[in-house]
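The file target_30.pdb contains PDB, C-alpha atoms:
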ATOM      1  CA  MET A   1     108.651 127.507  94.249
ATOM      2  CA  SER A   2     107.447 123.927  94.111
ATOM      3  CA  ALA A   3     105.481 121.410  96.085
ATOM      4  CA  ALA A   4     107.854 119.017  97.811
ATOM      5  CA  GLY A   5     105.944 115.729  97.656
ATOM      6  CA  ASP A   6     103.010 113.661  96.421
ATOM      7  CA  GLY A   7     101.401 113.042  99.786
ATOM      8  CA  ALA A   8     102.288 109.394 100.276
ATOM      9  CA  ASP A   9     103.918 108.645 103.623
ATOM     10  CA  PRO A  10     107.482 107.458 102.882
ATOM     11  CA  ALA A  11     107.498 105.284 106.019
ATOM     12  CA  THR A  12     104.142 103.544 105.615
ATOM     13  CA  GLY A  13     103.332 103.995 101.945
ATOM     14  CA  LEU A  14      99.856 105.177 102.946
ATOM     15  CA  ALA A  15      98.181 107.546 100.527
ATOM     16  CA  GLY A  16      98.136 111.241 101.342
ATOM     17  CA  LEU A  17      95.228 113.269 102.622
ATOM     18  CA  ALA A  18      92.621 114.335 100.078
ATOM     19  CA  GLY A  19      92.500 117.936  98.992
ATOM     20  CA  LEU A  20      95.952 119.162  99.981
ATOM     21  CA  ALA A  21      98.050 118.568  96.851
ATOM     22  CA  GLY A  22      98.370 121.638  94.686
ATOM     23  CA  ARG A  23      96.747 123.976  97.190
ATOM     24  CA  VAL A  24      98.484 127.002  98.698
ATOM     25  CA  ALA A  25      98.857 127.071 102.482
ATOM     26  CA  PHE A  26      99.830 129.951 104.768
ATOM     27  CA  VAL A  27     101.287 128.820 108.110
ATOM     28  CA  THR A  28     102.155 131.340 110.813
ATOM     29  CA  GLY A  29     104.913 130.831 113.355
ATOM     30  CA  ALA A  30     106.330 128.157 111.096
ATOM     31  CA  GLY A  31     110.013 128.781 111.728
ATOM     32  CA  GLN A  32     110.181 126.127 114.429
ATOM     33  CA  GLY A  33     108.240 123.590 116.471
ATOM     34  CA  ILE A  34     104.661 122.734 115.553
ATOM     35  CA  GLY A  35     104.543 125.294 112.751
ATOM     36  CA  ARG A  36     107.646 123.920 111.089
ATOM     37  CA  ALA A  37     106.366 120.346 111.402
ATOM     38  CA  THR A  38     103.065 121.455 109.875
ATOM     39  CA  ALA A  39     104.808 123.199 106.990
ATOM     40  CA  LEU A  40     106.892 120.083 106.291
ATOM     41  CA  ARG A  41     103.834 117.821 106.469
ATOM     42  CA  LEU A  42     101.826 120.021 104.110
ATOM     43  CA  ALA A  43     104.719 120.161 101.664
ATOM     44  CA  ARG A  44     104.939 116.373 101.763
ATOM     45  CA  GLU A  45     101.230 116.294 100.962
ATOM     46  CA  GLY A  46     101.932 118.373  97.866
ATOM     47  CA  ALA A  47     100.815 121.797  99.069
ATOM     48  CA  VAL A  48     102.766 124.969  98.326
ATOM     49  CA  VAL A  49     103.568 126.409 101.745
ATOM     50  CA  CYS A  50     103.959 130.092 102.607
ATOM     51  CA  VAL A  51     106.116 130.091 105.723
ATOM     52  CA  ASN A  52     105.458 132.939 108.134
ATOM     53  CA  ASP A  53     107.546 133.657 111.205
ATOM     54  CA  ILE A  54     108.546 136.782 113.087
ATOM     55  CA  ASP A  55     112.155 135.663 112.528
ATOM     56  CA  PRO A  56     113.060 136.076 108.834
ATOM     57  CA  GLY A  57     115.969 133.659 109.247
ATOM     58  CA  THR A  58     113.910 130.687 110.389
ATOM     59  CA  ALA A  59     111.075 131.523 107.974
ATOM     60  CA  GLY A  60     113.579 131.471 105.122
ATOM     61  CA  ALA A  61     115.170 128.238 106.269
ATOM     62  CA  VAL A  62     111.836 126.385 106.478
ATOM     63  CA  ALA A  63     110.714 127.875 103.156
ATOM     64  CA  GLN A  64     113.871 126.412 101.650
ATOM     65  CA  GLU A  65     113.147 123.014 103.242
ATOM     66  CA  THR A  66     109.597 122.976 101.888
ATOM     67  CA  GLY A  67     110.270 124.572  98.528
ATOM     68  CA  GLY A  68     107.729 127.246  99.411
ATOM     69  CA  LEU A  69     107.705 130.980 100.047
ATOM     70  CA  SER A  70     109.102 132.875 102.997
ATOM     71  CA  ALA A  71     106.606 135.386 104.447
ATOM     72  CA  PRO A  72     108.166 136.858 107.584
ATOM     73  CA  CYS A  73     106.331 139.398 109.724
ATOM     74  CA  ASP A  74     104.811 139.998 113.144
ATOM     75  CA  VAL A  75     101.240 138.660 112.846
ATOM     76  CA  SER A  76      99.957 141.265 115.308
ATOM     77  CA  ASP A  77     100.978 143.950 112.773
ATOM     78  CA  LEU A  78      97.959 143.841 110.458
ATOM     79  CA  PRO A  79      99.411 145.961 107.623
ATOM     80  CA  ALA A  80     102.564 143.817 107.557
ATOM     81  CA  LEU A  81     100.563 140.586 107.618
ATOM     82  CA  ARG A  82      98.270 141.894 104.874
ATOM     83  CA  GLU A  83     101.294 142.753 102.738
ATOM     84  CA  GLN A  84     102.882 139.289 103.143
ATOM     85  CA  PHE A  85      99.550 137.541 102.561
ATOM     86  CA  ALA A  86      98.912 139.496  99.363
ATOM     87  CA  ARG A  87     102.460 138.908  98.105
ATOM     88  CA  CYS A  88     102.098 135.159  98.645
ATOM     89  CA  GLU A  89      98.794 135.129  96.747
ATOM     90  CA  ARG A  90     100.373 137.058  93.866
ATOM     91  CA  GLU A  91     103.310 134.657  93.657
ATOM     92  CA  ALA A  92     101.692 131.315  94.571
ATOM     93  CA  GLY A  93      97.963 131.717  93.924
ATOM     94  CA  PRO A  94      94.871 131.887  96.142
ATOM     95  CA  ILE A  95      95.448 130.704  99.687
ATOM     96  CA  ASP A  96      92.935 127.944 100.450
ATOM     97  CA  LEU A  97      94.570 126.616 103.622
ATOM     98  CA  ALA A  98      95.556 128.736 106.622
ATOM     99  CA  VAL A  99      97.085 127.759 109.927
ATOM    100  CA  ALA A 100      97.291 130.232 112.814
ATOM    101  CA  ASN A 101     100.080 128.597 114.778
ATOM    102  CA  HIS A 102     102.046 131.601 116.085
ATOM    103  CA  ALA A 103     102.263 132.087 119.837
ATOM    104  CA  PHE A 104     103.863 134.259 122.492
ATOM    105  CA  MET A 105     104.117 132.975 126.046
ATOM    106  CA  VAL A 106     105.481 134.286 129.312
ATOM    107  CA  MET A 107     105.144 132.210 132.455
ATOM    108  CA  ALA A 108     104.330 133.937 135.719
ATOM    109  CA  PRO A 109     101.549 133.973 138.319
ATOM    110  CA  PHE A 110      98.646 136.252 137.379
ATOM    111  CA  MET A 111      99.680 139.281 139.454
ATOM    112  CA  GLU A 112     103.298 138.986 138.347
ATOM    113  CA  HIS A 113     102.529 139.341 134.650
ATOM    114  CA  GLY A 114     103.777 142.728 133.514
ATOM    115  CA  GLU A 115     101.179 144.873 131.753
ATOM    116  CA  ALA A 116     103.245 144.989 128.578
ATOM    117  CA  GLU A 117     103.719 141.215 128.583
ATOM    118  CA  PHE A 118     100.008 140.618 129.131
ATOM    119  CA  ALA A 119      99.105 142.994 126.312
ATOM    120  CA  ARG A 120     101.716 141.501 123.997
ATOM    121  CA  THR A 121     100.337 137.998 124.614
ATOM    122  CA  LEU A 122      96.847 139.185 123.684
ATOM    123  CA  GLU A 123      98.095 141.040 120.605
ATOM    124  CA  VAL A 124     100.082 138.167 119.186
ATOM    125  CA  ASN A 125      97.982 135.162 120.117
ATOM    126  CA  LEU A 126      94.421 136.412 119.867
ATOM    127  CA  LEU A 127      94.588 139.442 117.593
ATOM    128  CA  GLY A 128      97.124 137.805 115.279
ATOM    129  CA  THR A 129      94.763 134.863 114.824
ATOM    130  CA  ALA A 130      91.811 137.181 114.221
ATOM    131  CA  TRP A 131      93.805 139.179 111.651
ATOM    132  CA  LEU A 132      94.755 136.014 109.762
ATOM    133  CA  MET A 133      91.133 134.876 109.697
ATOM    134  CA  ALA A 134      89.993 138.313 108.549
ATOM    135  CA  LEU A 135      92.439 138.191 105.654
ATOM    136  CA  CYS A 136      91.554 134.731 104.430
ATOM    137  CA  ALA A 137      87.990 133.756 105.442
ATOM    138  CA  PRO A 138      86.037 136.237 103.244
ATOM    139  CA  ALA A 139      88.182 135.440 100.195
ATOM    140  CA  MET A 140      87.843 131.704 100.780
ATOM    141  CA  ALA A 141      84.076 132.128 101.125
ATOM    142  CA  ALA A 142      83.930 134.064  97.857
ATOM    143  CA  ARG A 143      85.704 131.125  96.144
ATOM    144  CA  GLY A 144      83.461 128.603  97.943
ATOM    145  CA  TYR A 145      86.275 126.633  99.572
ATOM    146  CA  GLY A 146      88.727 127.006 102.419
ATOM    147  CA  ARG A 147      90.179 125.408 105.500
ATOM    148  CA  ILE A 148      91.408 127.334 108.555
ATOM    149  CA  VAL A 149      92.993 125.758 111.623
ATOM    150  CA  ALA A 150      93.982 127.736 114.697
ATOM    151  CA  ILE A 151      96.312 126.302 117.281
ATOM    152  CA  ALA A 152      94.714 126.706 120.695
ATOM    153  CA  SER A 153      96.048 124.849 123.722
ATOM    154  CA  GLU A 154      94.983 122.361 126.357
ATOM    155  CA  TRP A 155      95.670 125.212 128.791
ATOM    156  CA  GLY A 156      93.072 127.309 126.966
ATOM    157  CA  LEU A 157      90.492 124.697 127.987
ATOM    158  CA  ILE A 158      91.560 123.934 131.554
ATOM    159  CA  GLY A 159      93.539 127.069 132.504
ATOM    160  CA  TRP A 160      97.061 127.151 133.891
ATOM    161  CA  PRO A 161      98.066 129.169 136.933
ATOM    162  CA  ASN A 162     101.516 130.134 135.730
ATOM    163  CA  ALA A 163     100.432 131.018 132.212
ATOM    164  CA  THR A 164      97.332 133.122 132.773
ATOM    165  CA  ALA A 165      97.680 135.434 129.796
ATOM    166  CA  TYR A 166      98.633 132.610 127.440
ATOM    167  CA  ALA A 167      95.775 130.371 128.634
ATOM    168  CA  ALA A 168      93.289 133.244 128.356
ATOM    169  CA  THR A 169      94.277 133.940 124.764
ATOM    170  CA  LYS A 170      94.104 130.263 123.856
ATOM    171  CA  GLY A 171      90.614 130.026 125.369
ATOM    172  CA  GLY A 172      89.735 133.109 123.354
ATOM    173  CA  ILE A 173      90.970 131.405 120.211
ATOM    174  CA  VAL A 174      88.511 128.548 120.812
ATOM    175  CA  ALA A 175      85.612 131.044 120.995
ATOM    176  CA  LEU A 176      86.962 132.897 117.952
ATOM    177  CA  VAL A 177      87.136 129.647 115.976
ATOM    178  CA  LYS A 178      83.611 128.597 116.903
ATOM    179  CA  SER A 179      82.212 132.029 116.035
ATOM    180  CA  VAL A 180      83.977 132.370 112.682
ATOM    181  CA  ALA A 181      83.149 128.724 111.895
ATOM    182  CA  ARG A 182      79.449 129.396 112.362
ATOM    183  CA  GLN A 183      79.601 132.365 109.989
ATOM    184  CA  TYR A 184      81.499 130.728 107.139
ATOM    185  CA  ALA A 185      80.527 127.028 107.229
ATOM    186  CA  ARG A 186      77.827 127.292 104.568
ATOM    187  CA  ALA A 187      80.245 129.061 102.251
ATOM    188  CA  GLY A 188      82.492 125.985 102.200
ATOM    189  CA  VAL A 189      85.031 127.303 104.689
ATOM    190  CA  ALA A 190      85.771 124.927 107.567
ATOM    191  CA  VAL A 191      87.251 126.636 110.623
ATOM    192  CA  ASN A 192      88.524 124.454 113.449
ATOM    193  CA  ALA A 193      91.024 124.383 116.285
ATOM    194  CA  VAL A 194      93.676 122.033 117.550
ATOM    195  CA  ALA A 195      94.365 122.235 121.281
ATOM    196  CA  PRO A 196      97.622 120.373 121.869
ATOM    197  CA  GLY A 197      98.786 119.217 125.244
ATOM    198  CA  VAL A 198     102.353 119.954 126.279
ATOM    199  CA  THR A 199     104.523 119.415 123.215
ATOM    200  CA  ASP A 200     108.274 119.101 122.839
ATOM    201  CA  THR A 201     109.066 122.347 121.035
ATOM    202  CA  PRO A 202     111.464 125.227 121.726
ATOM    203  CA  GLN A 203     108.556 126.932 123.580
ATOM    204  CA  LEU A 204     109.077 124.314 126.311
ATOM    205  CA  ASP A 205     112.223 126.227 127.272
ATOM    206  CA  VAL A 206     109.931 128.893 128.770
ATOM    207  CA  ASP A 207     108.406 126.243 131.048
ATOM    208  CA  ALA A 208     111.837 124.827 131.887
ATOM    209  CA  ASP A 209     113.206 128.256 132.811
ATOM    210  CA  ASP A 210     110.165 128.917 134.999
ATOM    211  CA  ALA A 211     110.620 125.568 136.772
ATOM    212  CA  GLY A 212     114.407 125.833 137.032
ATOM    213  CA  LEU A 213     114.903 122.673 134.986
ATOM    214  CA  THR A 214     116.653 121.734 131.779
ATOM    215  CA  HIS A 215     114.585 121.166 128.647
ATOM    216  CA  GLU A 216     115.101 117.401 128.936
ATOM    217  CA  GLU A 217     114.066 117.378 132.606
ATOM    218  CA  MET A 218     110.943 119.354 131.731
ATOM    219  CA  VAL A 219     110.019 116.822 129.045
ATOM    220  CA  GLU A 220     110.355 114.031 131.606
ATOM    221  CA  VAL A 221     108.415 115.845 134.358
ATOM    222  CA  TYR A 222     105.481 116.754 132.107
ATOM    223  CA  GLY A 223     105.438 113.279 130.565
ATOM    224  CA  ARG A 224     104.950 111.589 133.960
ATOM    225  CA  ASP A 225     101.366 112.877 134.267
ATOM    226  CA  VAL A 226     100.268 112.035 130.728
ATOM    227  CA  PRO A 227      98.297 108.775 130.340
ATOM    228  CA  LEU A 228     100.201 108.022 127.135
ATOM    229  CA  GLY A 229     103.444 108.289 129.097
ATOM    230  CA  ARG A 230     105.005 111.035 127.024
ATOM    231  CA  ILE A 231     104.365 114.579 125.907
ATOM    232  CA  GLY A 232     103.488 115.387 122.316
ATOM    233  CA  ARG A 233     105.818 115.634 119.357
ATOM    234  CA  PRO A 234     105.435 118.403 116.790
ATOM    235  CA  GLU A 235     104.668 115.756 114.176
ATOM    236  CA  ASP A 236     101.679 114.515 116.232
ATOM    237  CA  ILE A 237     100.137 117.948 116.118
ATOM    238  CA  ALA A 238     101.043 118.511 112.465
ATOM    239  CA  ALA A 239      99.199 115.310 111.514
ATOM    240  CA  THR A 240      96.076 116.549 113.302
ATOM    241  CA  VAL A 241      96.316 119.955 111.622
ATOM    242  CA  ALA A 242      96.827 118.365 108.202
ATOM    243  CA  PHE A 243      93.715 116.244 108.644
ATOM    244  CA  LEU A 244      91.585 119.285 109.520
ATOM    245  CA  LEU A 245      92.927 121.021 106.416
ATOM    246  CA  SER A 246      91.943 118.115 104.177
ATOM    247  CA  GLU A 247      88.840 118.102 102.018
ATOM    248  CA  PRO A 248      86.781 115.548 104.021
ATOM    249  CA  ALA A 249      87.306 117.632 107.158
ATOM    250  CA  GLY A 250      84.578 119.935 105.836
ATOM    251  CA  ALA A 251      82.348 117.867 108.117
ATOM    252  CA  PHE A 252      84.063 119.516 111.096
ATOM    253  CA  VAL A 253      82.728 122.967 112.016
ATOM    254  CA  GLY A 254      84.120 124.814 115.026
ATOM    255  CA  HIS A 255      85.576 121.601 116.395
ATOM    256  CA  VAL A 256      88.475 121.365 118.829
ATOM    257  CA  LEU A 257      90.698 118.321 118.481
ATOM    258  CA  GLY A 258      92.965 117.622 121.424
ATOM    259  CA  PRO A 259      96.137 115.692 120.695
ATOM    260  CA  ASN A 260      97.372 115.615 124.280
ATOM    261  CA  GLY A 261      98.208 112.019 125.138
ATOM    262  CA  GLY A 262      94.986 111.688 127.125
ATOM    263  CA  SER A 263      95.782 114.318 129.747
ATOM    264  CA  THR A 264      92.457 116.060 128.982
ATOM    265  CA  ARG A 265      89.659 114.158 127.244
ATOM    266  CA  ILE A 266      87.456 116.472 125.168
TER     267      ILE A 266
ATOM    268  CA  MET B 267      73.668 115.886 106.021
ATOM    269  CA  LEU B 268      77.080 114.309 106.085
ATOM    270  CA  THR B 269      78.333 111.683 103.704
ATOM    271  CA  PRO B 270      79.576 108.268 104.835
ATOM    272  CA  GLU B 271      82.899 109.129 103.212
ATOM    273  CA  GLU B 272      83.361 112.121 105.518
ATOM    274  CA  ILE B 273      82.852 109.938 108.576
ATOM    275  CA  ALA B 274      85.145 107.306 107.079
ATOM    276  CA  ALA B 275      87.855 109.926 106.604
ATOM    277  CA  ALA B 276      87.618 110.850 110.287
ATOM    278  CA  VAL B 277      87.758 107.185 111.302
ATOM    279  CA  CYS B 278      90.789 106.575 109.098
ATOM    280  CA  PHE B 279      92.486 109.639 110.576
ATOM    281  CA  VAL B 280      92.044 108.317 114.105
ATOM    282  CA  LEU B 281      93.071 104.795 113.118
ATOM    283  CA  LEU B 282      96.004 105.497 110.859
ATOM    284  CA  GLU B 283      97.616 108.792 111.730
ATOM    285  CA  ASP B 284     100.434 108.692 114.239
ATOM    286  CA  THR B 285      99.147 111.317 116.675
ATOM    287  CA  ASN B 286      99.026 111.390 120.476
ATOM    288  CA  MET B 287      95.228 111.510 120.740
ATOM    289  CA  VAL B 288      94.013 109.326 123.641
ATOM    290  CA  GLY B 289      90.385 109.137 124.795
ATOM    291  CA  GLN B 290      89.272 111.896 122.441
ATOM    292  CA  VAL B 291      85.806 112.180 120.925
ATOM    293  CA  VAL B 292      86.091 113.168 117.274
ATOM    294  CA  SER B 293      82.743 114.440 116.085
ATOM    295  CA  PRO B 294      82.237 115.241 112.412
ATOM    296  CA  ASN B 295      78.759 116.744 112.710
ATOM    297  CA  ALA B 296      78.795 119.731 110.321
ATOM    298  CA  GLY B 297      78.448 122.072 113.273
ATOM    299  CA  ALA B 298      75.215 120.594 114.630
ATOM    300  CA  VAL B 299      76.911 120.456 118.024
ATOM    301  CA  LEU B 300      79.438 123.181 118.678
TER     302      LEU B 300
END
Once you've parsed the file, please lay out its structure as structure tokens.
Amino acid sequence: MSAAGDGADPATGLAGLAGLAGRVAFVTGAGQGIGRATALRLAREGAVVCVNDIDPGTAGAVAQETGGLSAPCDVSDLPALREQFARCEREAGPIDLAVANHAFMVMAPFMEHGEAEFARTLEVNLLGTAWLMALCAPAMAARGYGRIVAIASEWGLIGWPNATAYAATKGGIVALVKSVARQYARAGVAVNAVAPGVTDTPQLDVDADDAGLTHEEMVEVYGRDVPLGRIGRPEDIAATVAFLLSEPAGAFVGHVLGPNGGSTRI
Amino acid sequence: MLTPEEIAAAVCFVLLEDTNMVGQVVSPNAGAVL
């Protein structure tokens, strides 16, 4: 495996973010969307990226793009996640950067959520994030350095009537981040969250299906209400994640950054 | 205590990175306010 870049932005020539080159990153749900954009950004910054996804095919494809490792598994399956995490550390070295990006979402009014769907949303989104933190935070603390970013959601801050389970788990992730951040800050481990607004990823198909629209129509409808005039791009969110993984971001403890085009000011 | 460089890094992030953050308060405060 190899790091794919030196961190300089090919478009602007700006220097890369401090403290990413040469480090090993583990990114969950990185087979598509925000996770894939984050993996590509980190690789460009010179990090070695371990690409997790529940789909081995997409995990492998992104690992090939980044020159990193493929680490497919269901993050809610702790033994499987532990096995992939340990294998990545054996092959690539200690994991100093971790991104809990995975998500499961079903859209329905509260009383129309099936019990299994509600439980699955909790298992994947909240427990999967907790399991990732449990695997990496103590080891990072023992080494005296680490950065963890969890992807929450604007809906985890303001709620969303047709995504009750999803919004509840994302709100839970914010509390999880703040709690773990308090515990590990003095050990050099910065734990923070990014709460994106609506972003143009394959997950938007769930919204489009629920609304009876095409993906493109959904992008346009959501974009109308955003002060910036458009919904987010995966690269917008990846840039925010990359910053919170950088060395100077140690000044952020339990923070929630909201790249959402101004739809919610936090 | 924070260093000026840590604040500068946050300022540069907001100024230079191409994100969709609008009207956000970015607060590097070492956890003093959570």
Selection near Cys278 of chain B, 12 Å with all atoms listed in the file, sequence-local residues under 4 positions removed, as an mmCIF file with C-alpha atoms, in the coordinates of the input:
data_model
loop_
_atom_site.group_PDB
_atom_site.id
_atom_site.type_symbol
_atom_site.label_atom_id
_atom_site.label_comp_id
_atom_site.auth_asym_id
_atom_site.auth_seq_id
_atom_site.Cartn_x
_atom_site.Cartn_y
_atom_site.Cartn_z
ATOM 1 C CA LEU A 14 99.856 105.177 102.946
ATOM 2 C CA ALA A 15 98.181 107.546 100.527
ATOM 3 C CA GLY A 16 98.136 111.241 101.342
ATOM 4 C CA LEU A 17 95.228 113.269 102.622
ATOM 5 C CA PHE A 243 93.715 116.244 108.644
ATOM 6 C CA PRO A 248 86.781 115.548 104.021
ATOM 7 C CA ALA A 249 87.306 117.632 107.158
ATOM 8 C CA GLU B 271 82.899 109.129 103.212
ATOM 9 C CA GLU B 272 83.361 112.121 105.518
ATOM 10 C CA ILE B 273 82.852 109.938 108.576
ATOM 11 C CA ALA B 274 85.145 107.306 107.079
ATOM 12 C CA LEU B 282 96.004 105.497 110.859
ATOM 13 C CA GLU B 283 97.616 108.792 111.730
ATOM 14 C CA ASP B 284 100.434 108.692 114.239
ATOM 15 C CA VAL B 292 86.091 113.168 117.274
#
Considering all atoms listed in the file, return as a PyMOL selection string whatever protein or nucleic-acid residues lie within 8 Å of Thr285 of chain B, sequence-local ones (same chain, fewer than 3 positions apart) excluded.
chain A and resi 235-237+239-240+259
Per residue of chain B within 6 Å of chain A, record the nearest atom pair and its distance in Å to one decimal, counting all atoms listed in the file, with rows in chain order and ascending residue number, as a tab-separated table.
residue	atom	partner	partner_atom	distance
B:Glu272	CA	A:Pro248	CA	5.1
B:Thr285	CA	A:Asp236	CA	4.1
B:Asn286	CA	A:Gly261	CA	4.8
B:Met287	CA	A:Pro259	CA	4.3
B:Val288	CA	A:Gly262	CA	4.3
B:Gly289	CA	A:Arg265	CA	5.6
B:Gln290	CA	A:Arg265	CA	5.3
B:Pro294	CA	A:Phe252	CA	4.8
B:Asn295	CA	A:Ala251	CA	5.9
B:Ala296	CA	A:Ala251	CA	4.6
B:Gly297	CA	A:Val253	CA	4.5
Could you make a table, as a tab-separated table, of the residues of segment 192-234 of chain A that have an atom within 12 Å of an atom of segment 97-121 of chain A, each with its nearest atom pair and distance in Å to one decimal, counting all atoms listed in the file, in chain and number order?
residue	atom	partner	partner_atom	distance
A:Asn192	CA	A:Val99	CA	9.8
A:Ala193	CA	A:Ala100	CA	9.2
A:Val194	CA	A:Asn101	CA	9.6
A:Ala195	CA	A:Asn101	CA	10.7
A:Pro196	CA	A:Asn101	CA	11.1
A:Thr201	CA	A:Ala103	CA	11.9
A:Pro202	CA	A:Met105	CA	11.5
A:Gln203	CA	A:Met105	CA	7.9
A:Leu204	CA	A:Met105	CA	10.0
A:Asp205	CA	A:Met105	CA	10.6
A:Val206	CA	A:Met107	CA	6.9
A:Asp207	CA	A:Met107	CA	6.9
A:Ala208	CA	A:Met107	CA	10.0
A:Asp209	CA	A:Met107	CA	9.0
A:Asp210	CA	A:Met107	CA	6.5
A:Ala211	CA	A:Met107	CA	9.6
A:Pro234	CA	A:Asn101	CA	11.7
Result set of the PyMOL selection byres ((chain A and resi 169) around 9) on the coordinates above, as a list of chain:residue names
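Applying the PyMOL selection byres ((chain A and resi 169) around 9) to the structure shown produces A:Thr121, A:Leu122, A:Asn125, A:Leu126, A:Ala152, A:Gly156, A:Thr164, A:Ala165, A:Tyr166, A:Ala167, A:Ala168, A:Lys170, A:Gly171, A:Gly172, A:Ile173, A:Val174.
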Can you pull out the residues contacting Gly188 of chain A? Cut-off 10 Å, using only C-alpha atoms, and skip same-chain residues under 2 positions away; I want them as a list in words.
Met140, Ala141, Ala142, Arg143, Gly144, Tyr145, Gly146, Arg147, Tyr184, Ala185, Arg186, Ala190, Val191 and Gly250 of chain A
